[in-house]
$ cat input-v3.cif   # mmCIF, C-alpha atoms and all ligand atoms
data_model
loop_
_atom_site.label_atom_id
_atom_site.label_comp_id
_atom_site.auth_asym_id
_atom_site.auth_seq_id
_atom_site.Cartn_x
_atom_site.Cartn_y
_atom_site.Cartn_z
CA MET A 1 27.24 -16.33 -31.49
CA ALA A 2 28.88 -14.01 -28.97
CA THR A 3 32.40 -14.75 -30.22
CA GLY A 4 31.77 -12.60 -33.30
CA THR A 5 30.77 -9.56 -31.25
CA GLN A 6 33.14 -6.63 -30.73
CA MET A 7 34.46 -6.87 -27.19
CA HIS A 8 35.05 -4.12 -24.65
CA GLN A 9 38.63 -2.87 -25.13
CA GLY A 10 39.58 -2.87 -21.41
CA ALA A 11 41.55 -5.45 -19.45
CA ILE A 12 40.59 -9.13 -19.79
CA ASP A 13 40.25 -10.95 -16.47
CA ILE A 14 40.49 -14.69 -17.04
CA HIS A 15 39.92 -15.67 -13.39
CA ALA A 16 36.37 -14.60 -12.52
CA HIS A 17 33.85 -16.90 -10.89
CA MET A 18 30.10 -17.34 -11.00
CA LEU A 19 27.74 -19.78 -9.31
CA VAL A 20 24.40 -21.27 -10.30
CA PRO A 21 22.04 -21.20 -7.27
CA GLU A 22 20.27 -24.50 -8.04
CA ILE A 23 23.57 -26.35 -8.36
CA PHE A 24 25.24 -24.64 -5.41
CA LYS A 25 22.34 -25.88 -3.26
CA LEU A 26 23.43 -29.44 -4.13
CA THR A 27 27.20 -28.95 -3.90
CA LYS A 28 27.29 -26.63 -0.88
CA ASN A 29 27.78 -29.36 1.69
CA TYR A 30 30.54 -31.01 -0.34
CA GLY A 31 32.59 -27.85 -0.78
CA LEU A 32 35.46 -26.97 1.52
CA THR A 33 34.22 -23.57 2.54
CA SER A 34 31.05 -24.95 4.12
CA ARG A 35 32.71 -27.67 6.16
CA PRO A 36 33.09 -27.26 9.91
CA ILE A 37 36.50 -25.85 10.67
CA GLU A 38 38.40 -28.59 12.46
CA ASN A 39 40.41 -26.36 14.65
CA GLU A 40 39.47 -25.90 18.29
CA ALA A 41 40.99 -22.44 18.37
CA VAL A 42 38.39 -21.18 15.92
CA SER A 43 35.46 -19.80 17.83
CA GLU A 44 31.82 -20.37 17.04
CA GLU A 45 31.59 -16.68 16.22
CA LEU A 46 34.31 -16.92 13.60
CA GLU A 47 32.67 -19.98 12.08
CA ARG A 48 29.42 -18.03 11.86
CA SER A 49 31.05 -15.02 10.24
CA ASN A 50 32.80 -17.33 7.75
CA ALA A 51 29.43 -18.88 6.90
CA GLU A 52 27.91 -15.40 6.46
CA ARG A 53 30.81 -14.36 4.25
CA GLN A 54 30.29 -17.48 2.16
CA ASP A 55 26.59 -16.63 1.69
CA ARG A 56 27.48 -13.07 0.70
CA MET A 57 30.06 -14.30 -1.81
CA ALA A 58 27.54 -16.78 -3.21
CA GLU A 59 25.02 -13.95 -3.77
CA ILE A 60 27.64 -11.89 -5.61
CA SER A 61 28.62 -14.94 -7.66
CA TYR A 62 25.04 -15.61 -8.79
CA ASP A 63 24.88 -12.17 -10.35
CA THR A 64 26.09 -11.76 -13.92
CA VAL A 65 24.05 -8.62 -14.64
CA ASN A 66 24.95 -5.99 -12.07
CA ARG A 67 28.55 -7.15 -11.82
CA VAL A 68 29.38 -5.10 -14.91
CA LYS A 69 29.23 -1.99 -12.69
CA LEU A 70 31.82 -3.51 -10.36
CA MET A 71 33.95 -4.55 -13.32
CA ASP A 72 34.00 -0.90 -14.42
CA GLU A 73 35.19 0.12 -10.95
CA MET A 74 37.89 -2.58 -11.10
CA GLY A 75 39.03 -1.39 -14.53
CA VAL A 76 38.11 -4.76 -16.02
CA GLY A 77 36.63 -4.71 -19.50
CA VAL A 78 35.94 -8.41 -19.95
CA GLN A 79 35.56 -11.28 -17.52
CA VAL A 80 36.05 -14.85 -18.69
CA LEU A 81 33.51 -16.62 -16.48
CA THR A 82 34.12 -19.91 -14.68
CA CYS A 83 32.05 -21.61 -12.01
CA SER A 84 33.87 -21.69 -8.67
CA LEU A 85 35.00 -25.31 -8.32
CA VAL A 86 35.70 -24.87 -4.62
CA HIS A 87 31.97 -24.24 -4.19
CA GLN A 88 30.41 -25.98 -7.12
CA CYS A 89 32.43 -29.00 -8.22
CA THR A 90 30.21 -31.90 -9.33
CA TYR A 91 32.88 -34.62 -9.75
CA TRP A 92 31.56 -36.43 -6.64
CA MET A 93 28.12 -36.97 -8.23
CA ASN A 94 27.20 -39.95 -10.35
CA PRO A 95 28.18 -39.19 -13.96
CA GLU A 96 24.64 -38.54 -15.27
CA ASP A 97 23.75 -36.11 -12.46
CA SER A 98 27.09 -34.38 -12.83
CA LEU A 99 26.53 -34.03 -16.59
CA ARG A 100 23.06 -32.54 -16.03
CA CYS A 101 24.47 -29.99 -13.55
CA GLU A 102 27.38 -29.04 -15.81
CA GLN A 103 24.97 -28.64 -18.74
CA LEU A 104 22.76 -26.34 -16.68
CA ALA A 105 25.79 -24.29 -15.60
CA ASN A 106 27.07 -24.07 -19.18
CA ASN A 107 23.66 -22.96 -20.41
CA ARG A 108 23.55 -20.22 -17.75
CA MET A 109 27.04 -19.10 -18.69
CA ALA A 110 26.08 -18.91 -22.36
CA GLU A 111 22.98 -16.87 -21.44
CA ALA A 112 25.10 -14.41 -19.44
CA ILE A 113 27.47 -14.00 -22.39
CA LYS A 114 24.58 -13.54 -24.79
CA ALA A 115 23.09 -10.84 -22.53
CA SER A 116 26.42 -8.92 -22.32
CA PRO A 117 28.49 -10.08 -25.28
CA THR A 118 30.94 -7.19 -25.04
CA ARG A 119 31.77 -7.95 -21.39
CA PHE A 120 31.82 -11.73 -20.92
CA ARG A 121 33.36 -14.87 -22.32
CA GLY A 122 33.27 -18.25 -20.57
CA PHE A 123 35.06 -21.48 -19.75
CA GLY A 124 32.40 -24.17 -19.23
CA GLY A 125 32.47 -27.30 -17.08
CA VAL A 126 32.29 -31.05 -17.72
CA PRO A 127 32.00 -34.25 -15.65
CA LEU A 128 35.71 -34.97 -16.01
CA HIS A 129 35.44 -38.10 -13.83
CA ALA A 130 33.37 -39.59 -16.68
CA PRO A 131 35.69 -38.84 -19.63
CA MET A 132 33.32 -39.89 -22.43
CA LEU A 133 30.54 -37.66 -21.06
CA ALA A 134 33.15 -34.93 -20.62
CA VAL A 135 34.04 -35.21 -24.33
CA GLN A 136 30.33 -35.05 -25.23
CA GLU A 137 29.73 -31.89 -23.17
CA LEU A 138 32.99 -30.33 -24.36
CA GLU A 139 31.70 -30.56 -27.94
CA ARG A 140 28.36 -28.99 -26.98
CA ALA A 141 29.94 -26.24 -24.82
CA VAL A 142 32.33 -24.90 -27.45
CA GLY A 143 30.19 -25.86 -30.46
CA GLU A 144 26.54 -25.22 -29.75
CA LEU A 145 27.03 -22.76 -26.86
CA GLY A 146 30.08 -20.93 -28.24
CA LEU A 147 32.08 -20.98 -24.99
CA SER A 148 35.82 -20.25 -25.33
CA GLY A 149 36.92 -23.47 -23.67
CA LEU A 150 36.60 -25.36 -20.43
CA GLN A 151 37.64 -25.23 -16.83
CA ILE A 152 38.68 -28.47 -15.13
CA ALA A 153 39.84 -29.21 -11.58
CA THR A 154 43.37 -30.42 -10.72
CA SER A 155 42.23 -34.05 -10.37
CA ALA A 156 39.11 -36.14 -10.92
CA ALA A 157 37.99 -39.51 -9.54
CA GLY A 158 41.26 -39.74 -7.61
CA LYS A 159 43.31 -39.49 -10.81
CA GLU A 160 45.72 -36.77 -11.87
CA ILE A 161 44.70 -34.82 -14.97
CA GLY A 162 47.40 -36.36 -17.18
CA HIS A 163 46.08 -39.91 -16.48
CA LYS A 164 45.55 -42.02 -19.59
CA ASP A 165 41.79 -42.17 -18.91
CA PHE A 166 41.64 -38.46 -19.70
CA HIS A 167 43.60 -38.62 -22.96
CA PRO A 168 40.41 -38.73 -25.11
CA PHE A 169 39.37 -35.48 -23.41
CA TRP A 170 42.70 -33.79 -24.15
CA ALA A 171 42.62 -35.10 -27.72
CA LYS A 172 39.14 -33.65 -28.31
CA ALA A 173 40.10 -30.29 -26.73
CA GLU A 174 43.08 -30.09 -29.10
CA GLU A 175 40.94 -31.09 -32.09
CA LEU A 176 38.32 -28.41 -31.33
CA GLY A 177 40.86 -25.73 -30.39
CA ALA A 178 39.19 -25.42 -26.98
CA VAL A 179 41.47 -23.81 -24.40
CA ILE A 180 41.59 -25.42 -20.95
CA TYR A 181 41.78 -23.53 -17.66
CA VAL A 182 42.91 -25.62 -14.67
CA HIS A 183 41.70 -24.42 -11.24
CA PRO A 184 41.66 -26.48 -8.01
CA ALA A 185 38.42 -27.63 -6.42
CA GLY A 186 40.27 -27.64 -3.09
CA ASN A 187 42.21 -30.39 -1.35
CA HIS A 188 40.07 -32.25 1.22
CA ASP A 189 42.99 -33.87 3.07
CA ALA A 190 42.61 -33.36 6.83
CA ARG A 191 46.13 -31.92 7.05
CA PHE A 192 45.02 -28.84 5.07
CA LYS A 193 41.88 -28.11 7.10
CA PRO A 194 43.12 -26.10 10.09
CA TYR A 195 43.64 -22.38 9.57
CA PHE A 196 42.28 -22.51 5.98
CA GLN A 197 45.47 -24.19 4.83
CA TRP A 198 43.42 -25.92 2.12
CA ASN A 199 43.38 -22.40 0.67
CA SER A 200 46.79 -20.91 1.60
CA ILE A 201 48.85 -24.05 0.92
CA GLY A 202 46.50 -26.58 -0.69
CA GLN A 203 45.51 -24.56 -3.76
CA SER A 204 49.15 -23.94 -4.75
CA PHE A 205 49.98 -27.59 -4.02
CA GLU A 206 47.13 -28.72 -6.30
CA GLU A 207 48.37 -26.51 -9.13
CA ALA A 208 51.90 -27.89 -8.75
CA MET A 209 50.48 -31.44 -8.93
CA ALA A 210 48.46 -30.58 -12.04
CA ILE A 211 51.54 -29.22 -13.85
CA ALA A 212 53.61 -32.22 -12.73
CA SER A 213 51.00 -34.59 -14.13
CA LEU A 214 50.79 -32.76 -17.49
CA MET A 215 54.58 -32.76 -17.63
CA TYR A 216 55.33 -36.34 -16.54
CA GLU A 217 52.53 -37.86 -18.64
CA GLY A 218 53.74 -35.91 -21.69
CA ILE A 219 50.33 -34.35 -22.41
CA LEU A 220 51.71 -31.39 -24.38
CA ASP A 221 54.03 -33.75 -26.29
CA LYS A 222 51.09 -35.94 -27.27
CA PHE A 223 48.75 -33.00 -27.95
CA PRO A 224 51.09 -30.15 -28.98
CA LYS A 225 48.39 -27.71 -30.15
CA LEU A 226 46.69 -27.62 -26.73
CA LYS A 227 46.51 -24.30 -24.89
CA VAL A 228 46.37 -24.86 -21.12
CA CYS A 229 46.32 -22.16 -18.43
CA ILE A 230 47.04 -22.88 -14.76
CA SER A 231 45.40 -20.65 -12.13
CA HIS A 232 47.17 -18.69 -9.37
CA GLY A 233 50.42 -18.33 -11.32
CA GLY A 234 50.86 -22.10 -11.49
CA GLY A 235 50.99 -22.47 -7.70
CA TYR A 236 54.36 -23.62 -6.37
CA MET A 237 55.64 -25.17 -9.57
CA PRO A 238 57.24 -22.24 -11.44
CA PHE A 239 59.11 -21.27 -8.27
CA ASN A 240 60.29 -24.81 -7.50
CA PHE A 241 61.29 -26.30 -10.83
CA GLY A 242 64.97 -26.57 -9.83
CA ARG A 243 64.12 -29.84 -8.09
CA PHE A 244 62.28 -31.12 -11.16
CA ASN A 245 65.22 -30.23 -13.39
CA ARG A 246 67.57 -32.12 -11.08
CA ASN A 247 65.35 -35.22 -11.12
CA TRP A 248 64.94 -34.94 -14.88
CA LEU A 249 68.73 -34.97 -15.23
CA GLU A 250 69.55 -37.58 -12.57
CA LYS A 251 66.60 -39.97 -12.65
CA PRO A 252 65.87 -41.25 -16.16
CA SER A 253 62.64 -42.90 -14.99
CA THR A 254 61.11 -39.43 -14.49
CA ARG A 255 61.41 -38.51 -18.17
CA VAL A 256 60.02 -41.56 -19.96
CA ASN A 257 57.10 -39.49 -21.31
CA MET A 258 58.82 -36.09 -21.40
CA LYS A 259 60.56 -34.76 -24.48
CA GLN A 260 61.94 -31.56 -22.91
CA PRO A 261 63.32 -30.40 -19.55
CA PRO A 262 60.87 -29.02 -16.98
CA ALA A 263 62.01 -25.42 -17.47
CA ASP A 264 61.11 -25.60 -21.17
CA PHE A 265 57.83 -27.32 -20.39
CA LEU A 266 56.82 -24.46 -18.06
CA LYS A 267 57.05 -22.06 -21.02
CA MET A 268 54.52 -24.13 -22.96
CA LEU A 269 51.77 -23.46 -20.39
CA TRP A 270 49.87 -20.26 -19.59
CA TYR A 271 49.27 -18.74 -16.14
CA ASP A 272 47.08 -16.15 -14.46
CA SER A 273 48.53 -13.35 -12.35
CA CYS A 274 46.63 -14.13 -9.14
CA LEU A 275 49.63 -14.38 -6.79
CA TYR A 276 48.93 -11.51 -4.32
CA ASP A 277 52.63 -10.60 -4.45
CA ALA A 278 54.03 -8.13 -7.00
CA GLY A 279 57.55 -9.55 -6.71
CA LEU A 280 56.31 -13.05 -7.56
CA VAL A 281 54.54 -11.81 -10.69
CA LYS A 282 57.80 -10.20 -11.82
CA ARG A 283 59.66 -13.44 -11.11
CA LEU A 284 57.03 -15.43 -13.00
CA VAL A 285 57.64 -13.18 -16.03
CA GLU A 286 61.36 -14.01 -15.77
CA ILE A 287 60.67 -17.76 -15.53
CA VAL A 288 57.92 -18.34 -18.10
CA GLY A 289 58.15 -15.19 -20.24
CA GLU A 290 55.99 -12.08 -20.63
CA ASP A 291 53.76 -13.73 -23.25
CA ARG A 292 52.39 -16.46 -20.97
CA ILE A 293 50.74 -14.57 -18.10
CA MET A 294 47.20 -13.16 -18.08
CA LEU A 295 45.28 -11.00 -15.64
CA GLY A 296 43.41 -13.04 -13.00
CA SER A 297 41.53 -11.33 -10.16
CA ASP A 298 39.77 -14.37 -8.63
CA TYR A 299 36.50 -12.41 -8.61
CA PRO A 300 34.63 -12.09 -6.26
CA VAL A 301 36.97 -13.24 -3.48
CA GLY A 302 40.27 -11.91 -4.79
CA ASP A 303 41.86 -8.65 -5.83
CA ARG A 304 39.46 -5.71 -6.26
CA LYS A 305 42.19 -3.57 -7.87
CA PRO A 306 43.74 -6.11 -10.21
CA VAL A 307 44.84 -3.61 -12.88
CA GLU A 308 46.62 -1.41 -10.35
CA PHE A 309 48.27 -4.55 -8.97
CA ILE A 310 49.75 -5.46 -12.37
CA ARG A 311 50.98 -1.90 -12.84
CA SER A 312 52.74 -2.13 -9.44
CA CYS A 313 54.79 -5.22 -10.32
CA GLY A 314 57.81 -3.31 -11.68
CA LEU A 315 57.18 -4.45 -15.25
CA THR A 316 57.51 -2.35 -18.41
CA THR A 317 54.35 -0.74 -19.78
CA GLN A 318 54.47 -3.14 -22.70
CA GLN A 319 54.74 -6.18 -20.40
CA GLY A 320 51.84 -4.84 -18.33
CA ASP A 321 49.73 -4.32 -21.45
CA LYS A 322 50.35 -7.91 -22.52
CA ILE A 323 49.30 -9.29 -19.13
CA LEU A 324 46.25 -7.05 -18.94
CA ARG A 325 44.95 -7.87 -22.40
CA GLY A 326 47.26 -8.89 -25.25
CA ASN A 327 48.12 -12.36 -23.97
CA ALA A 328 44.47 -13.18 -23.26
CA GLU A 329 43.59 -12.16 -26.83
CA THR A 330 46.15 -14.67 -28.07
CA PHE A 331 45.10 -17.38 -25.61
CA LEU A 332 41.41 -17.00 -26.46
CA GLY A 333 42.14 -16.68 -30.18
CA LEU A 334 40.36 -13.32 -30.49
ZN ZN B 401 39.44 -18.94 -8.21
#
$ encode --input "input-v3.cif" --output "C-alpha cells" --more "lines below"
Ligand SMILES: [Zn+2]
Amino acid sequence: MATGTQMHQGAIDIHAHMLVPEIFKLTKNYGLTSRPIENEAVSEELERSNAERQDRMAEISYDTVNRVKLMDEMGVGVQVLTCSLVHQCTYWMNPEDSLRCEQLANNRMAEAIKASPTRFRGFGGVPLHAPMLAVQELERAVGELGLSGLQIATSAAGKEIGHKDFHPFWAKAEELGAVIYVHPAGNHDARFKPYFQWNSIGQSFEEAMAIASLMYEGILDKFPKLKVCISHGGGYMPFNFGRFNRNWLEKPSTRVNMKQPPADFLKMLWYDSCLYDAGLVKRLVEIVGEDRIMLGSDYPVGDRKPVEFIRSCGLTTQQGDKILRGNAETFLGL
C-alpha cells in the first residue's frame, strides 16, 4: 500500500481538502456556503459572485491530479487529503446513505493516493452519527484502504465528540493507531449567518467546543494512546484556557472526568498552523510547544504561500522545520 512508498521530502500540509462530485451534488444544499445569505445588506450581485466562487473552489477540489503542480508552486511536498466537511458533510443523511457516501469518498481518496503515492496521504470520513457504522468504516479505511486516519466534524447528531456514544469509535481509533483530525462542518446557528460569521467566528468556536468536550469527558485519559489534531490552531481554546484553568481550580464539578489541568491537556493534542496571523502561531508554540503544530494551508481556500507564512512567524529555523515537516512525520507515524 501507499504507506510503504518513499514520500516527497518537502513540507507536509495536513489541512488540504478535496471533494467528490457525486457526493457534493447531494450535500451542496445542506452546506453553509450554498445557503442564501441572510443579510439584507448583501446584494444579489455579491451572492452571485459567492456562488461562482464556490463553484470554482469545488472544481479545484475535485482535482487530485493537476493539483500537484500547484503544490510545487506552494512549496508543499505532501498533502494529507480530507474532504471539506463544510461542503460535503453527510451526518444529516440516514446512516446507511451516509456510510455509502463516506465509503465512496474514502475509495476516491485511496485512488488519488495510489496514483501519486509520493505526494498524498489521506484522512478518510465516517458516518460518526452512527457510531457502530463509523467503527466499521474506520477499520476498512485504515486497514483495507491504507488511509492514515480519519477526519471527523466537531459534533454529530447534536452530540459533542466526547459523548459516551462515541467512546467505541475512540477506542477503535486508539486500538488501530488511527490518527484523528477534527475539522468543523460549520455552525448552522442563525446568529453566525450574517457576514460569514459562521466562518470568521463559528469555526473557531466549534474547535473550542471540540477541545472542551475531549477535555471534560476525559477522552485522552480513557484512551491515552490516541493522537488527535484540531484544525485552525485549535480555534479559540489555546488562547482562552485561563478561564478553563480557573473553573478547573474553583469548580470541582468541571473536573470529574479530567485527570490534569486544562493547560496540560492542551499539550496532549496536536494543531495545524492555519491561523492567518504570524503572531498567533508564535503564541501557539509558546502555549502548546513546538512539537505539536503542523503546517495547514486549508487548500484550496486558504493560504497559497503557507511555507513562507511559517518562516515569517519569528520562529527558529528548527521550530519552522518541525512545523513544516518533522511534527507531521511523528503524527502520521512515518
Ligand atoms: Zn478546512
$ residues_near_ligand --input "input-v3.cif" --ligand "ligand ZN 401 (chain B)" --cutoff "7 Å" --atoms "all atoms listed in the file" --output "list in words"
His15, Ala16, His17, Ser84, His183 and Asp298 of chain A
$ write_last_selection --input "input-v3.cif" --atoms "C-alpha atoms" --output "tab-separated table (two decimals), keeping the file's coordinate frame"
chain	number	residue	atom	x	y	z
A	15	HIS	CA	39.92	-15.67	-13.39
A	16	ALA	CA	36.37	-14.60	-12.52
A	17	HIS	CA	33.85	-16.90	-10.89
A	84	SER	CA	33.87	-21.69	-8.67
A	183	HIS	CA	41.70	-24.42	-11.24
A	298	ASP	CA	39.77	-14.37	-8.63
$ atom_distance --input "input-v3.cif" --atom1 "CA of Lys305 in chain A" --atom2 "CA of Gly326 in chain A"
18.9 Å
$ residues_around --input "input-v3.cif" --residues "Val179 in chain A" --least-positions-apart "6" --cutoff "12 Å" --atoms "all atoms listed in the file" --output "number ranges by chain"
A: 14, 80, 122-124, 138, 141-142, 147-152, 169-173, 225-230, 269-270, 328, 330-333
$ residues_around --input "input-v3.cif" --residues "Leu26 in chain A" --least-positions-apart "3" --cutoff "12 Å" --atoms "all atoms listed in the file" --output "number ranges by chain"
A: 19-23, 29-31, 87-90, 92-93, 97-98, 101
$ closest_residue --input "input-v3.cif" --among "A:Ile287, A:Cys83, A:Ile201, A:Leu133" --to "Gly235 in chain A" --atoms "all atoms listed in the file"
A:Ile201
$ atom_distance --input "input-v3.cif" --atom1 "CA of Tyr216 in chain A" --atom2 "CA of Glu175 in chain A"
21.8 Å
$ closest_residue --input "input-v3.cif" --among "A:Asp55, A:Tyr299, A:Tyr181, A:Phe196" --to "Arg67 in chain A" --atoms "only C-alpha atoms"
A:Tyr299
$ closest_residue --input "input-v3.cif" --among "A:His188, A:Lys282, A:Lys322, A:Lys222" --to "Gly162 in chain A" --atoms "all atoms listed in the file"
A:Lys222
$ residues_around --input "input-v3.cif" --residues "Gly233 in chain A" --least-positions-apart "6" --cutoff "6 Å" --atoms "all atoms listed in the file" --output "list in words"
Tyr271, Asp272 and Ser273 of chain A
$ residues_around --input "input-v3.cif" --residues "Lys69 in chain A" --least-positions-apart "6" --cutoff "12 Å" --atoms "only C-alpha atoms" --output "number ranges by chain"
A: 63, 75-78, 119
$ closest_residue --input "input-v3.cif" --among "A:Glu329, A:Asp291, A:Asp221, A:Glu47" --to "Asn257 in chain A" --atoms "all atoms listed in the file"
A:Asp221
$ closest_residue --input "input-v3.cif" --among "A:Asp321, A:Glu217, A:Glu308, A:Glu206" --to "Ile12 in chain A" --atoms "all atoms listed in the file"
A:Asp321
$ atom_distance --input "input-v3.cif" --atom1 "CA of Glu102 in chain A" --atom2 "CA of Ile161 in chain A"
18.3 Å
$ closest_residue --input "input-v3.cif" --among "A:Met237, A:Val288, A:Ile211, A:Leu104" --to "Lys267 in chain A" --atoms "all atoms listed in the file"
A:Val288
$ residues_around --input "input-v3.cif" --residues "Asp165 in chain A" --least-positions-apart "2" --cutoff "12 Å" --atoms "all atoms listed in the file" --output "list in words"
Leu128, His129, Ala130, Pro131, Met132, Ala134, Val135, Ser155, Ala156, Ala157, Gly158, Lys159, Glu160, Ile161, Gly162, His163, His167, Pro168, Phe169, Trp170, Ala171 and Glu217 of chain A
$ axis_aligned_box --input "input-v3.cif" --around "range 286-302 of chain A" --padding-each-side "8 Å" --output "AutoDock Vina command-line options"
--center_x 48.0 --center_y -14.7 --center_z -13.4 --size_x 42.7 --size_y 23.3 --size_z 35.8
